[in-house]
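The structure under discussion appears below in the form of structure tokens.
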Amino acid sequence: MTVRQQTLEMPNTSQDEAPTVAVSHTGVVVIVGSNGSGKSRLGSWLENPTLQATAAPPAFGNMDRLAYRVGAQRLLALPEQAQRVAPERAQEILLQGNEMTNGPSRVQGDAVVGQLNDFGPLLNALYAQRIKVREQYYVLGQQTAGQPGPAPSDALDRLRSIWMQVFPERELIIQDHVVSARSPGTDSTYSASKMSDGERVGFYLIGHVLLAPENLRIVIDEPELHLHPSIQASPTI
């Protein structure tokens with residue numbers, strides 16, 4: 001695999017230099033800093049630099065964002081069951097952050113430290129994407145006289161595979177708009193809402209990365225929250 005060198009324009013507050021500075025990277029940039037050092041503000045700036053301009057209009061549409069940002073203040077209430085939503089609408093709500101927001105950030109309220117409550121929209125979008133993939137496969141089967149080739153995987157399939165590598169002592173069960181888990185080799189399952197904080201944050205972050213638009217940077221504020229140090233150090237993630 002060839003790794004392509006890239007650059008990321010970062011803000012530079014020095015009055016004696018250019019307003020931005022180029023940072024070289026190969027696809028992943030990790031920002032480390034003390035509490036209050038401005039990491040969340042930087043993430044907000046990466047999502048939409050115009051928010052920092054004094055002359056910025058009061059609201060922007062989703063297409064003005066330069067990054068798909070998952071803020072640090074996020075509610076991890078995983079619903080018992082996903083809702084059936086049309087694929088295009090489900091993805092639109094996920095990009096907004098919730099059904100009511102269409103502003104400069106996915107984060108509700110304050111773009112820097114506001115709260116995300118989008119676990120429900122994420123789950124809905126994952127299942128909606130699965131339905132879309134399966135409908136396309138069905139149509140392909142009709143067009144090829146029942147010979148469409150191997151069934152394609154969807155985001156839920158990939159999420160399950162990655163999640164079980166991160167949490168090898170648990171098995172993720174994906175059913176019809178219902179998610180549950182269990183210890184491998186047992187019949188005792190527990191619902192998604194009963195998952196531990198670490199299991200839920202793993203599901204949440206993997207799902208967001210899989211559904212993020214291809215043309216946007218992905219910014220995750222404090223991705224290590226609720227994850228044990230042994231998981232943070234895992235080569236899987």
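As shown in the structure tokens, the chain order sets the letters A, B, ...; within each chain, residues go from 1, and ligands are also counted from 1 in the order they appear.
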Write out as JSON lines the residues of range 30-104 of chain A that have any atom within 12 Å of an atom of range 198-204 of chain A, one row each with the nearest atom pair and its distance in Å to one decimal, counting only C-alpha atoms, sorted by chain and then rising number.
{"residue": "A:Val70", "atom": "CA", "partner": "A:Tyr204", "partner_atom": "CA", "distance": 9.9}
{"residue": "A:Ala72", "atom": "CA", "partner": "A:Val201", "partner_atom": "CA", "distance": 11.3}
{"residue": "A:Arg74", "atom": "CA", "partner": "A:Val201", "partner_atom": "CA", "distance": 9.6}
{"residue": "A:Leu75", "atom": "CA", "partner": "A:Val201", "partner_atom": "CA", "distance": 9.6}
{"residue": "A:Leu76", "atom": "CA", "partner": "A:Arg200", "partner_atom": "CA", "distance": 6.6}
{"residue": "A:Ala77", "atom": "CA", "partner": "A:Arg200", "partner_atom": "CA", "distance": 8.2}
{"residue": "A:Leu78", "atom": "CA", "partner": "A:Arg200", "partner_atom": "CA", "distance": 7.1}
{"residue": "A:Pro79", "atom": "CA", "partner": "A:Arg200", "partner_atom": "CA", "distance": 10.7}
Item checked: Spatial neighbours of Pro168 in chain A, max dist 12 Å, only C-alpha atoms, sep filter under 2 positions, as a list in words ->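 Once the adjacent positions are removed, what remains is Arg160, Ser161, Ile162, Trp163, Met164, Gln165, Val166, Arg170, Glu171, Leu172, Ala181, Arg182, Ser183, Pro184, Glu199, Ile231, Ser234 and Thr236 of chain A.
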How would the residues just picked look written out with N, CA and C atoms as a PDB file, in the first residue's frame?
ATOM      1  N   ARG A 160     -19.349  -4.389  12.789  1.00  0.00           N
ATOM      2  CA  ARG A 160     -19.327  -5.590  13.635  1.00  0.00           C
ATOM      3  C   ARG A 160     -17.946  -6.234  13.639  1.00  0.00           C
ATOM      4  N   SER A 161     -17.336  -6.332  12.472  1.00  0.00           N
ATOM      5  CA  SER A 161     -16.018  -6.950  12.368  1.00  0.00           C
ATOM      6  C   SER A 161     -14.963  -6.162  13.156  1.00  0.00           C
ATOM      7  N   ILE A 162     -14.960  -4.846  12.998  1.00  0.00           N
ATOM      8  CA  ILE A 162     -13.973  -4.013  13.695  1.00  0.00           C
ATOM      9  C   ILE A 162     -14.234  -4.018  15.196  1.00  0.00           C
ATOM     10  N   TRP A 163     -15.497  -3.892  15.593  1.00  0.00           N
ATOM     11  CA  TRP A 163     -15.872  -3.839  17.009  1.00  0.00           C
ATOM     12  C   TRP A 163     -15.420  -5.108  17.727  1.00  0.00           C
ATOM     13  N   MET A 164     -15.578  -6.266  17.085  1.00  0.00           N
ATOM     14  CA  MET A 164     -15.213  -7.525  17.729  1.00  0.00           C
ATOM     15  C   MET A 164     -13.700  -7.736  17.764  1.00  0.00           C
ATOM     16  N   GLN A 165     -12.961  -7.014  16.920  1.00  0.00           N
ATOM     17  CA  GLN A 165     -11.501  -7.023  17.049  1.00  0.00           C
ATOM     18  C   GLN A 165     -11.064  -6.166  18.233  1.00  0.00           C
ATOM     19  N   VAL A 166     -11.788  -5.069  18.454  1.00  0.00           N
ATOM     20  CA  VAL A 166     -11.466  -4.183  19.584  1.00  0.00           C
ATOM     21  C   VAL A 166     -11.900  -4.816  20.901  1.00  0.00           C
ATOM     22  N   ARG A 170     -16.319 -10.136  23.429  1.00  0.00           N
ATOM     23  CA  ARG A 170     -17.737  -9.885  23.210  1.00  0.00           C
ATOM     24  C   ARG A 170     -18.093 -10.153  21.758  1.00  0.00           C
ATOM     25  N   GLU A 171     -19.326 -10.565  21.539  1.00  0.00           N
ATOM     26  CA  GLU A 171     -19.840 -10.780  20.189  1.00  0.00           C
ATOM     27  C   GLU A 171     -20.982  -9.800  19.943  1.00  0.00           C
ATOM     28  N   LEU A 172     -20.899  -9.063  18.854  1.00  0.00           N
ATOM     29  CA  LEU A 172     -21.940  -8.102  18.504  1.00  0.00           C
ATOM     30  C   LEU A 172     -22.957  -8.796  17.607  1.00  0.00           C
ATOM     31  N   ALA A 181     -25.501  -7.788  22.309  1.00  0.00           N
ATOM     32  CA  ALA A 181     -24.162  -8.357  22.450  1.00  0.00           C
ATOM     33  C   ALA A 181     -24.211  -9.534  23.413  1.00  0.00           C
ATOM     34  N   ARG A 182     -23.157 -10.330  23.404  1.00  0.00           N
ATOM     35  CA  ARG A 182     -23.047 -11.458  24.319  1.00  0.00           C
ATOM     36  C   ARG A 182     -21.594 -11.902  24.388  1.00  0.00           C
ATOM     37  N   SER A 183     -21.307 -12.716  25.388  1.00  0.00           N
ATOM     38  CA  SER A 183     -19.992 -13.346  25.467  1.00  0.00           C
ATOM     39  C   SER A 183     -19.973 -14.506  24.484  1.00  0.00           C
ATOM     40  N   PRO A 184     -18.914 -14.661  23.693  1.00  0.00           N
ATOM     41  CA  PRO A 184     -18.864 -15.751  22.709  1.00  0.00           C
ATOM     42  C   PRO A 184     -19.084 -17.116  23.352  1.00  0.00           C
ATOM     43  N   GLU A 199     -17.925  -0.147  25.369  1.00  0.00           N
ATOM     44  CA  GLU A 199     -18.516  -0.844  24.232  1.00  0.00           C
ATOM     45  C   GLU A 199     -19.340   0.110  23.384  1.00  0.00           C
ATOM     46  N   ILE A 231      -7.007  -0.863  25.320  1.00  0.00           N
ATOM     47  CA  ILE A 231      -7.708  -0.741  24.040  1.00  0.00           C
ATOM     48  C   ILE A 231      -7.122   0.417  23.231  1.00  0.00           C
ATOM     49  N   SER A 234      -4.190  -0.669  21.358  1.00  0.00           N
ATOM     50  CA  SER A 234      -4.356  -1.797  20.462  1.00  0.00           C
ATOM     51  C   SER A 234      -4.032  -1.400  19.028  1.00  0.00           C
ATOM     52  N   THR A 236      -5.332  -2.514  16.520  1.00  0.00           N
ATOM     53  CA  THR A 236      -6.575  -2.549  15.756  1.00  0.00           C
ATOM     54  C   THR A 236      -7.103  -1.154  15.507  1.00  0.00           C
TER      55      THR A 236
END
Item checked: Test item: residues at most 12 Å from Trp45 in chain A, only C-alpha atoms, excluding those fewer than 2 positions along its chain, as a PyMOL selection string -> chain A and resi 9-12+20+38-43+47-53+65-69+104-105+111-112+219
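If you measure from each of A:Leu94, A:Val23, A:Val29, A:Leu46 to Pro213 in chain A using only C-alpha atoms, the closest one turns out to be A:Leu94.
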Item checked: Selected residue of minimal separation from Pro223 in chain A among A:Ser193, A:Ser44, A:Gln83, A:Gln73, counting only C-alpha atoms -> A:Gln73
Next item on the list: Select, from A:Ala145, A:Leu205, A:Leu210, A:Leu156, the residue with the minimum atom-to-atom distance to Glu222 in chain A, counting only C-alpha atoms.
Entry: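 Going through A:Ala145, A:Leu205, A:Leu210, A:Leu156 one by one, the smallest distance to Glu222 in chain A is for A:Leu205.
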Next item on the list: If you run DSSP over the backbone, which residues in range 17-214 of chain A end up strand (DSSP E)? Put them as a ChimeraX atom specification.
Entry: /A:20-25,67-70,171-175,178-182,189-191
Item checked: DSSP helix (DSSP H, G or I) residues within range 31-176 of chain A, as an MDAnalysis selection string -> chainID A and resid 39:47 49:52 62:64 87:96 119:143 155:166
